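Below: one structure, written as structure tokens.
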Amino acid sequence: SAGTLPEKEVTAVAVGPDGFLYAAGAPGGKVYRIDRSGKAALHYETKAQYVWSLAFSGGVLYVATGLPGEIHKVTAPAQGVRVHTAPDPHVRSLLADGKGRIWAGTAGSGLLLRIDPNGNVATIYDSSKSEITSIAGGTDGRVWVAASSADTPALGGEPISAPITAPGARAARAGPSRVDDDGKDKPEVTVSVSA
């Protein structure tokens with residue numbers, strides 16, 4: 001069954017290990033747990049303007065926010081902590097890998113960050129683009145990222161993949177890259193798309 005949030009937009013969803021749907025609403029940076037009847041209950045409040053991505057690592061929910069760019073670790077309803085504040089205004093994408101690590105992509109400088117199970121944070125890759133839009137993990141342990149830049153600056157500090165209504169704005173260029181566990185980036189292909 002579908003759930004309805006009180007906010008104007010749903011910006012991220014994830015299915016928890018409990019089988020329930022978790023969804024983030026914007027503006028306001030709140031995360032809701034939606035039961036099988038479609039009823040949404042407030043699960044966690046980030047106090048950020050946006051929640052851009054949700055990822056589960058076991059029973060722990062990780063939440064990526066924007067304005068400010070942070071990563072929160074939520075262990076139970078209303079029980080979470082900020083585990084990292086990014087150097088960029090938005091953390092746009094998350095991936096929980098099978099080794100208990102969290103990978104995060106930022107918007108602003110286009111960085112790929114990795115948080116190990118002890119909470120240590122490292123910048124693994126600087127894409128030279130403005131935003132890491134998506135992260136995927138391969139079965140061989142490799143991590144793949146999609147990075148993009150906009151010719152026109154995003155409006156109001158929004159990531160470039162957020163809706164932009166400026167006339168004449170061109171679509172972003174995406175460049176997926178591969179990052180091995182040893183942190184060495186290996187660019188694979190660049191795709192240019194224009195509106």
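So you can find residues: chains in the structure tokens are A, B, ... in the order shown, residues in each start at 1, and ligands are numbered from 1 in order.
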
**Request:** Compile the contact shell of Gly108 (chain A) as a PyMOL selection string: residues with an atom at most 8 Å away, counting only C-alpha atoms, same-chain residues fewer than 4 positions apart removed.
**Result:** chain A and resi 88-90+130-131+159

Residues from the last selection, all heavy atoms, saved as a compact mmCIF listing (two decimals), in the first residue's frame:
```
# COMPACT_ATOMS: atom_id res chain seq x y z
N ASP A 88 31.04 19.66 1.81
CA ASP A 88 30.12 20.19 0.81
C ASP A 88 28.73 20.39 1.43
O ASP A 88 28.40 19.78 2.44
CB ASP A 88 30.01 19.22 -0.37
CG ASP A 88 31.25 19.26 -1.25
OD1 ASP A 88 31.96 20.29 -1.24
OD2 ASP A 88 31.50 18.27 -1.96
N PRO A 89 27.89 21.21 0.79
CA PRO A 89 26.56 21.49 1.36
C PRO A 89 25.57 20.34 1.27
O PRO A 89 24.55 20.37 1.94
CB PRO A 89 26.07 22.69 0.55
CG PRO A 89 26.83 22.65 -0.73
CD PRO A 89 28.16 22.05 -0.39
N HIS A 90 25.86 19.33 0.44
CA HIS A 90 24.94 18.21 0.28
C HIS A 90 25.71 16.90 0.25
O HIS A 90 26.76 16.81 -0.39
CB HIS A 90 24.15 18.32 -1.03
CG HIS A 90 23.31 19.54 -1.13
ND1 HIS A 90 22.03 19.60 -0.62
CD2 HIS A 90 23.57 20.76 -1.68
CE1 HIS A 90 21.53 20.81 -0.86
NE2 HIS A 90 22.43 21.52 -1.49
N SER A 130 31.05 18.23 -10.14
CA SER A 130 30.47 18.91 -8.98
C SER A 130 29.60 18.01 -8.11
O SER A 130 29.31 18.35 -6.97
CB SER A 130 29.65 20.13 -9.42
OG SER A 130 28.60 19.74 -10.27
N GLU A 131 29.22 16.82 -8.62
CA GLU A 131 28.30 15.99 -7.83
C GLU A 131 28.49 14.51 -8.12
O GLU A 131 28.61 14.11 -9.27
CB GLU A 131 26.85 16.39 -8.15
CG GLU A 131 25.82 15.62 -7.39
CD GLU A 131 24.39 16.09 -7.69
OE1 GLU A 131 24.21 17.09 -8.41
OE2 GLU A 131 23.46 15.46 -7.18
N PRO A 159 21.52 20.69 -5.27
CA PRO A 159 22.35 19.85 -6.14
C PRO A 159 21.88 19.95 -7.57
O PRO A 159 20.72 20.25 -7.83
CB PRO A 159 22.12 18.44 -5.60
CG PRO A 159 21.47 18.60 -4.29
CD PRO A 159 20.81 19.93 -4.27
```

**Prompt:** Leaving out Gly66 (chain A) and any residue of its chain fewer than 3 positions from it, which residues lie within 8 Å of it when counting only C-alpha atoms, given as a list in words?
**Reply:**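 Result of the neighbour search: Ala48, Gln49, Tyr50, Val51, Trp52, Gly69, Glu70, Pro89, His90, Val91 and Arg92 of chain A.
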
Print the selection's residues with C-alpha atoms to a file, as a PDB file, in the first residue's frame.
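Done, and the output landed in part28.pdb:
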```
ATOM      1  CA  ALA A  48      18.521  19.502   7.839  1.00  0.00           C
ATOM      2  CA  GLN A  49      16.562  20.942   4.920  1.00  0.00           C
ATOM      3  CA  TYR A  50      16.828  17.809   2.776  1.00  0.00           C
ATOM      4  CA  VAL A  51      17.358  14.076   3.036  1.00  0.00           C
ATOM      5  CA  TRP A  52      18.852  12.881  -0.251  1.00  0.00           C
ATOM      6  CA  GLY A  69      25.707  18.078   4.176  1.00  0.00           C
ATOM      7  CA  GLU A  70      25.769  15.408   6.865  1.00  0.00           C
ATOM      8  CA  PRO A  89      26.563  21.494   1.361  1.00  0.00           C
ATOM      9  CA  HIS A  90      24.943  18.212   0.278  1.00  0.00           C
ATOM     10  CA  VAL A  91      25.597  14.501   0.715  1.00  0.00           C
ATOM     11  CA  ARG A  92      23.662  13.157  -2.267  1.00  0.00           C
TER      12      ARG A  92
END
```

Skip Thr139 (chain A) itself and residues of its chain fewer than 2 positions away, then list as an mmCIF file with all heavy atoms, in the first residue's frame all residues within 12 Å of it, counting only C-alpha atoms.
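selection.cif, freshly written:
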```
data_model
loop_
_atom_site.group_PDB
_atom_site.id
_atom_site.type_symbol
_atom_site.label_atom_id
_atom_site.label_comp_id
_atom_site.auth_asym_id
_atom_site.auth_seq_id
_atom_site.Cartn_x
_atom_site.Cartn_y
_atom_site.Cartn_z
ATOM 1 N N ASP A 97 28.210 -1.179 1.951
ATOM 2 C CA ASP A 97 28.778 -2.374 1.324
ATOM 3 C C ASP A 97 28.735 -3.561 2.282
ATOM 4 O O ASP A 97 28.307 -3.451 3.430
ATOM 5 C CB ASP A 97 30.193 -2.101 0.787
ATOM 6 C CG ASP A 97 31.246 -1.899 1.868
ATOM 7 O OD1 ASP A 97 30.999 -2.224 3.050
ATOM 8 O OD2 ASP A 97 32.344 -1.417 1.527
ATOM 9 N N GLY A 98 29.166 -4.705 1.837
ATOM 10 C CA GLY A 98 29.099 -5.912 2.634
ATOM 11 C C GLY A 98 30.152 -5.996 3.726
ATOM 12 O O GLY A 98 30.178 -6.960 4.488
ATOM 13 N N LYS A 99 31.027 -4.997 3.811
ATOM 14 C CA LYS A 99 32.085 -4.990 4.815
ATOM 15 C C LYS A 99 31.788 -4.024 5.962
ATOM 16 O O LYS A 99 32.675 -3.691 6.734
ATOM 17 C CB LYS A 99 33.418 -4.626 4.167
ATOM 18 C CG LYS A 99 33.861 -5.622 3.111
ATOM 19 C CD LYS A 99 35.177 -5.212 2.484
ATOM 20 C CE LYS A 99 35.599 -6.215 1.437
ATOM 21 N NZ LYS A 99 36.869 -5.824 0.799
ATOM 22 N N ALA A 136 27.241 2.512 -6.750
ATOM 23 C CA ALA A 136 26.826 1.110 -6.819
ATOM 24 C C ALA A 136 28.017 0.227 -6.468
ATOM 25 O O ALA A 136 29.158 0.557 -6.787
ATOM 26 C CB ALA A 136 26.300 0.769 -8.210
ATOM 27 N N GLY A 137 27.739 -0.899 -5.821
ATOM 28 C CA GLY A 137 28.794 -1.835 -5.459
ATOM 29 C C GLY A 137 28.704 -3.084 -6.306
ATOM 30 O O GLY A 137 27.617 -3.609 -6.548
ATOM 31 N N GLY A 141 33.638 -6.475 -5.079
ATOM 32 C CA GLY A 141 34.162 -5.517 -4.119
ATOM 33 C C GLY A 141 34.445 -4.149 -4.694
ATOM 34 O O GLY A 141 34.785 -3.225 -3.962
ATOM 35 N N ARG A 142 34.317 -3.998 -6.001
ATOM 36 C CA ARG A 142 34.534 -2.681 -6.605
ATOM 37 C C ARG A 142 33.347 -1.777 -6.325
ATOM 38 O O ARG A 142 32.228 -2.230 -6.164
ATOM 39 C CB ARG A 142 34.727 -2.808 -8.109
ATOM 40 C CG ARG A 142 36.011 -3.483 -8.484
ATOM 41 C CD ARG A 142 36.174 -3.513 -9.984
ATOM 42 N NE ARG A 142 37.430 -4.150 -10.327
ATOM 43 C CZ ARG A 142 37.593 -4.893 -11.398
ATOM 44 N NH1 ARG A 142 36.593 -5.086 -12.224
ATOM 45 N NH2 ARG A 142 38.760 -5.431 -11.647
ATOM 46 N N VAL A 143 33.626 -0.474 -6.312
ATOM 47 C CA VAL A 143 32.586 0.534 -6.136
ATOM 48 C C VAL A 143 32.588 1.411 -7.378
ATOM 49 O O VAL A 143 33.641 1.861 -7.834
ATOM 50 C CB VAL A 143 32.840 1.375 -4.862
ATOM 51 C CG1 VAL A 143 31.920 2.568 -4.811
ATOM 52 C CG2 VAL A 143 32.662 0.509 -3.625
ATOM 53 N N TRP A 144 31.398 1.635 -7.913
ATOM 54 C CA TRP A 144 31.225 2.447 -9.115
ATOM 55 C C TRP A 144 30.470 3.711 -8.735
ATOM 56 O O TRP A 144 29.547 3.660 -7.921
ATOM 57 C CB TRP A 144 30.424 1.678 -10.162
ATOM 58 C CG TRP A 144 31.081 0.403 -10.605
ATOM 59 C CD1 TRP A 144 31.088 -0.794 -9.939
ATOM 60 C CD2 TRP A 144 31.841 0.205 -11.780
ATOM 61 N NE1 TRP A 144 31.798 -1.720 -10.643
ATOM 62 C CE2 TRP A 144 32.275 -1.141 -11.785
ATOM 63 C CE3 TRP A 144 32.195 1.033 -12.843
ATOM 64 C CZ2 TRP A 144 33.043 -1.669 -12.808
ATOM 65 C CZ3 TRP A 144 32.963 0.495 -13.871
ATOM 66 C CH2 TRP A 144 33.379 -0.835 -13.846
ATOM 67 N N ASP A 180 38.544 0.969 -6.975
ATOM 68 C CA ASP A 180 38.851 -0.306 -6.342
ATOM 69 C C ASP A 180 38.957 -0.122 -4.843
ATOM 70 O O ASP A 180 39.028 0.997 -4.333
ATOM 71 C CB ASP A 180 40.188 -0.856 -6.873
ATOM 72 C CG ASP A 180 40.065 -1.345 -8.317
ATOM 73 O OD1 ASP A 180 38.951 -1.749 -8.690
ATOM 74 O OD2 ASP A 180 41.073 -1.320 -9.033
#
```

**Closest of A:Ala122, A:Gly105, A:Pro117, A:Lys47 to Val145 (chain A) - atom-to-atom distances counting only C-alpha atoms** = A:Gly105

**Message:** I need the residues in region 18-114 of chain A that are strand (DSSP E or B) according to DSSP; give them as a PyMOL selection string.
**Reply:** chain A and resi 21-26+30-34+40-45+50-57+60-66+70-76+79-85+90-96+102-107+111-114

**Request:** Between A:Pro27, A:Val121, A:Ser37, A:Val15, single out the one closest to Gly3 (chain A), counting only C-alpha atoms.
**Result:** A:Ser37
